[in-house]
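The structure under discussion appears below in the form of structure tokens.
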Amino acid sequence: MSMRDRPVNRFGRWPSERHSRVETPIESEPVLAAQTGDKHALDLLLEKHLPLVYNVVGRAMNGHPDVDDVVQETMLRAAQRIGSLRDPDRFRSWLLAIAVNQVKERARVRTRRTARESSLDQLGDRADPSLDFVDATVLELGLSGERREIAEATRLLSEEDQHLLALWWQELAGALSRSDLADALGVTPQHAAVRVQRMKARLHTARLVHRALRSGHRCRTLQSMLRGHHDVPGPEQLNRLSRHTRHCPRCEATGRLLVSPENLLRGIALVPIPATLFHRLPELLSGAAAAGHGGSAAASAGAKAVTAKSLLAKPVLAGGAAMAGAAAALSFAVYYLPAAPDSPPTPAPAPSPSVSATPSFATGSSPTRTSARAGRPGVVDADWYVAPDGNDAAPGTLGRPFASLNKAISVVRPGQTIALRGGRYRPTMPVVIETDGTAARRIVLSNYRGERPVLDAARVSASSPFVTHRGRYWTVQGIEVANSPAAPYVCRGCRHVTFRRLSMHDNQGSGLAFVDDGTDRNQVLDSDFFDNHDDANHGADADGLLMAFGSGEGNVIRRCRFFRNSDDGLGIASFVGAVTVDSSWSFDNGVNRWKLTEYGGSGNGFVLNSGKRPSDHVITNSAAWDNAGDGYTGATNNGMITLEGNTAFRNRHNGFDLPGFAATLRSNLAVGNGKRQAALAEGSVERGNSWYTSGWSVASLLSTDPSTAEGPRPPDGDLPSTPFLAVRGGSTVGASLR
């Protein structure tokens with residue numbers, strides 16, 4: 001998980017049941033109707049896309065007073081020219097291309113006007129500093145930490161980069177596809193990818209420069225280069241500064257601590273259109289449509305009413321407050337908004353009537369690795385039974401089980417048990433768990449005996465997690481969730497919930513996620529989280545297990561494995577409250593096995609962030625190996641992290657990477673890592689670690705073959721016994737994997 005600060009969603013917020021995808025794929029029928037002169041169809045079409053256009057223009061122009069005019073001109077031109085659109089399925093990208101051209105034209109007009117003025121003070125249309133878009137965003141949404149930093153750093157970008165950033169941001173939100181972005185720019189998707197990468201590189205430099213200006217960056221050379229820039233350096237200076245940051249080890253180390261922009265900026269809220277615009281636009285569009293189609297210039301009162309009403313009703317998804325005026329064109333993400341699939345999933349074949357057999361299951365992972373699964377002991381008796389060949393009209397007994405988990409959850413009460421029979425389930429609806437158990441009467445959701453239930457969520461909508469869990473005092477064990485087009489299982493403010501022997505894999509999101517405040521006293525035990533990858537976000541937002549954007553105490557993770565996920569293994573991101581991790585393994589994360597373009601996975605083994613306040617996370621007797629990033633990283637956590645008896649082996653970057661804040665490290669082992677065995681902050685408390693003792697090397701290990709550690713679990717669900725990473729001579733340094 002490279003988001004150490006998503007929004008929520010690595011993270012902004014996870015989507016609530018009330019909010020789905022911002023923009024759905026365009027269908028050709030309303031466009032064809034509008035092209036043939038259907039005024040009502042045109043009104044509804046433009047109404048639907050007005051928020052998207054307004055947000056893109058607002059971000060591109062950074063809240064300039066001309067935003068309303070540019071949006072209005074864009075919509076008028078679209079109404080007048082819709083008859084010239086050759087491919088109705090490309091309406092959205094065609095409309096955005098008009099918007100981009102109008103933004104550029106307005107910039108050219110301002111440039112020519114500026115050249116004619118003798119002084120900038122005489123420039124009549126200069127943006128009012130009080131309406132600066134960044135300030136308005138920070139104020140309205142209460143941004144802090146890296147979200148605030150990246151918002152302020154965008155001021156350093158050129159106008160061209162601002163235009164591209166506006167479109168790319170909407171792509172992250174799922175409102176645009178890469179093809180839409182490329183069409184709006186008038187380039188190929190390949191060329192668009194190159195431009196996005198270059199813009200992201202300049203944004204990265206802008207963030208480092210912003211930190212230096214705020215005296216939060218320790219590179220003296222960069223500070224010297226910035227001397228005299230008490231305000232914001234321009235794009236020309238940024239290019240010069242970027243050459244330094246690319247070759248400076250200290251700047252490079254600081255840059256690795258920054259959360260990726262994908263994780264900070266994902267999930268844009270489309271905010272309400274200013275009243276002055278939506279009251280004015282319907283009448284203007286009516287006249288434009290008449291000119292374009294030769295029809296009546298009088299607009300339908302009903303159509304106007306629908307337009308105004310719907311624009312007023314646009315929800316503010318971030319912070320709950322509308323940002324009035326042109327400066328409020330776009331809000332930063334504070335919730336997670338996953339992208340919907342480009343096409344509906346292919347209907348799966350009917351489930352097998354058998355419930356006793358253990359079906360084969362292809363994970364889609366690398367063919368050279370074993371698809372390890374947790375052991376499967378389960379309950380021997382239950383109050384309610386569910387089976388793939390059941391019937392929700394049945395009584396839910398062992399002989400006549402329900403067919404769906406939703407049905408069982410709707411009837412379960414405190415102290416009762418739900419048993420899932422073995423076989424493959426193919427649900428089509430998301431699951432919401434809200435019923436509470438009690439400390440004395442827990443609710444149990446479990447596999448039945450040794451059977452293996454597989455919840456194949458491929459047919460569930462991508463607009464929300466497959467399972468959203470809010471109920472307290474639950475035990476969830478022995479189940480497998482795969483192929484969810486969004487997050488497979490999100491625990492929101494869960495308390496006293498125990499997860500045991502889970503297998504969460506091949507999902508388009510983190511295998512299991514804990515979010516929100518009040519996340520207290522939960523346990524994750526003996527579980528595997530693997531092969532999760534978020535293709536729409538280029539691999540940057542799928543960890544094995546995630547704890548993000550919340551707070552809580554007493555949470556424990558023990559004897560778990562996190563492997564082959566596109567981003568990080570275990571990601572603790574902006575979570576306040578100490579989390580204890582014990583005897584867990586994280587390996588092979590951050591490798592692009594899915595051949596995703598612009599791959600963004602960080603590939604750290606364990607990420608221990610806290611966000612707003614310090615958190616004293618603890619990791620003991622755990623191991624990280626063969627990850628694409630660091631083995632262990634503290635990100636921006638300024639708490640006293642404790643790492644004791646852990647091993648970092650053959651990670652591509654550093655074994656232990658905690659250069660920002662002091663930590664306590666005792667009896668840890670790091671060998672064979674790609675850069676440094678340990679990069680630690682001054683003041684760290686250290687005792688008995690391998691990197692300050694001579695003689696340690698890969699040769700000190702009894703075995704460097706991970707095959708047994710990465711293989712199947714034994715029947716009881718414990719970690720497999722393995723000689724891997726054991727130290728010769730019986731030293732107590734490092735983890736004991738046996």
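Numbering starts fresh at 1 for the residues of each chain in the structure tokens, the chains themselves are lettered A, B, ... in the order given, and ligands are numbered from 1 as they appear.
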
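Within segment 505-711 of chain A, DSSP applied to the backbone places the following residues in helix (DSSP H, G or I): Asp535, Ala536, Asn537, Ser690, Trp691, Tyr692, Val698, Ala699 and Ser700 of chain A.
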
Practice problem: Taking the chain letters and numbering used in this document, name the residues of segment 473-626 of chain A that DSSP puts in strand (DSSP E or B), as a PyMOL selection string. | Solution: chain A and resi 474-477+480-482+489-492+495+497-500+503-505+512-516+520+523-525+528-530+545-551+555-558+561-563+570-576+579-582+585-587+606-608+618-620+623-625

Find the residues near Gln508 of chain A: any atom within 8 Å, counting only C-alpha atoms, skip ones fewer than 5 places away on the same chain, and give them as a JSON list (two decimals) with C-alpha atoms, in the first residue's frame.
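Once everything was written out, this is result-v3.json:
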[["chain", "number", "residue", "atom", "x", "y", "z"],
["A", 483, "ASN", "CA", -12.53, -12.15, -7.79],
["A", 484, "SER", "CA", -14.36, -9.19, -6.29],
["A", 485, "PRO", "CA", -14.31, -6.25, -8.75],
["A", 486, "ALA", "CA", -13.91, -3.92, -5.74],
["A", 487, "ALA", "CA", -12.70, -4.37, -2.17],
["A", 488, "PRO", "CA", -13.76, -7.86, -1.03],
["A", 532, "ASN", "CA", -4.93, -8.88, -4.90],
["A", 533, "HIS", "CA", -4.44, -6.28, -7.63],
["A", 534, "ASP", "CA", -6.34, -3.14, -8.63],
["A", 535, "ASP", "CA", -5.97, -2.99, -12.41],
["A", 542, "ALA", "CA", -4.33, -3.26, -3.42]]

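With atom CA of Arg613 of chain A on one side and atom CA of Ser551 of chain A on the other, the separation reads 9.9 Å.
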
Quiz item: Which one is closest to Gly601 of chain A: A:Ser260, A:Thr245, A:Ser694, A:Ser179? Count only C-alpha atoms.
Solution: A:Ser260

Which residues are near segment 164-168 of chain A? Cut-off 8 Å, only C-alpha atoms, ignore same chain within fewer than 6 positions. Put them as an mmCIF file with C-alpha atoms, in the first residue's frame.
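Saved file around-v6.cif follows:
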data_model
loop_
_atom_site.group_PDB
_atom_site.id
_atom_site.type_symbol
_atom_site.label_atom_id
_atom_site.label_comp_id
_atom_site.auth_asym_id
_atom_site.auth_seq_id
_atom_site.Cartn_x
_atom_site.Cartn_y
_atom_site.Cartn_z
ATOM 1 C CA ASN A 55 -14.733 19.911 -12.017
ATOM 2 C CA VAL A 56 -12.180 19.447 -14.782
ATOM 3 C CA VAL A 57 -12.239 23.144 -15.734
ATOM 4 C CA ARG A 59 -9.055 22.170 -11.341
ATOM 5 C CA ALA A 60 -7.308 23.137 -14.575
ATOM 6 C CA LEU A 176 -12.726 8.884 -16.945
ATOM 7 C CA LEU A 181 -8.151 11.245 -21.159
ATOM 8 C CA VAL A 196 1.071 11.624 -17.267
ATOM 9 C CA MET A 199 3.603 15.395 -15.032
#

So which residues touch segment 393-399 of chain A within 6 Å, counting only C-alpha atoms, skipping near sequence neighbours fewer than 3 positions away, as a compact mmCIF listing (two decimals) with C-alpha atoms, in the first residue's frame?
# COMPACT_ATOMS: atom_id res chain seq x y z
CA TRP A 384 -28.30 -21.59 10.14
CA TYR A 385 -26.82 -23.32 7.09
CA PHE A 402 -30.32 -21.19 2.45

Practice problem: Skip segment 621-636 of chain A itself and residues of its chain fewer than 3 positions away, then list as a ChimeraX atom specification all residues within 6 Å of it, counting only C-alpha atoms. | Solution: /A:257,582-590,602-609,645-658,735

Dump as a short mmCIF file (atom, residue, chain, number, x, y, z; two decimals), in the first residue's frame, selection limited to C-alpha atoms:
data_model
loop_
_atom_site.label_atom_id
_atom_site.label_comp_id
_atom_site.auth_asym_id
_atom_site.auth_seq_id
_atom_site.Cartn_x
_atom_site.Cartn_y
_atom_site.Cartn_z
CA LEU A 257 8.72 8.71 2.24
CA ASP A 582 3.28 -10.99 15.50
CA SER A 583 4.67 -14.03 13.66
CA SER A 584 3.49 -12.86 10.23
CA TRP A 585 5.18 -13.05 6.82
CA SER A 586 5.05 -10.61 3.92
CA PHE A 587 6.70 -11.48 0.62
CA ASP A 588 6.74 -10.96 -3.15
CA ASN A 589 4.58 -7.84 -3.04
CA GLY A 590 4.75 -5.03 -5.61
CA SER A 602 5.07 0.22 -3.89
CA GLY A 603 5.70 -3.35 -2.82
CA ASN A 604 6.66 -2.83 0.83
CA GLY A 605 6.36 -5.77 3.19
CA PHE A 606 5.07 -3.94 6.28
CA VAL A 607 3.98 -0.28 6.30
CA LEU A 608 3.51 1.26 9.77
CA ASN A 609 1.96 4.69 9.32
CA GLY A 645 13.09 -10.30 16.47
CA ASN A 646 12.19 -9.67 12.81
CA THR A 647 13.93 -10.61 9.57
CA ALA A 648 14.29 -8.67 6.30
CA PHE A 649 15.75 -10.66 3.43
CA ARG A 650 16.33 -9.90 -0.23
CA ASN A 651 13.96 -6.94 -0.45
CA ARG A 652 14.71 -4.70 -3.44
CA HIS A 653 15.19 -1.51 -1.39
CA ASN A 654 15.99 -1.33 2.32
CA GLY A 655 15.47 -4.03 4.88
CA PHE A 656 14.34 -1.65 7.66
CA ASP A 657 13.51 1.87 6.44
CA LEU A 658 12.66 4.31 9.24
CA ALA A 735 12.49 -14.27 13.29
#

Practice problem: Compile the contact shell of segment 31-35 of chain A as a list in words: residues with an atom at most 6 Å away, counting only C-alpha atoms, same-chain residues fewer than 3 positions apart removed. | Solution: Ser28, Asp38, Ala41, Leu42, Gly83 and Pro88 of chain A

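The nearest approach to Leu45 of chain A among the residues A:Pro401, A:Val70, A:Arg92, A:Gly509, with only C-alpha atoms taken into account, belongs to A:Arg92.
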
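When atom CA of Gly552 of chain A is paired with atom CA of Ala513 of chain A, their separation reads 13.8 Å.
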
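Atom CA of Thr597 of chain A to atom CA of Ala540 of chain A spans 11.2 Å [interatomic distance, one decimal].
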
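You can rank A:Gly660, A:Gln170, A:Asp705, A:Gly695 by their closest distance to Ala679 of chain A using only C-alpha atoms, and at the top of that list sits A:Gly660.
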
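Proximity ranking of A:Ser503, A:Trp691, A:Glu47, A:Leu95 relative to Arg676 of chain A places A:Trp691 first, based on only C-alpha atoms.
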
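Nearest-residue note for Phe530 of chain A: choosing from A:Asn565, A:Asn638, A:Gln162, A:Asn555, the minimum distance belongs to A:Asn565, counting only C-alpha atoms.
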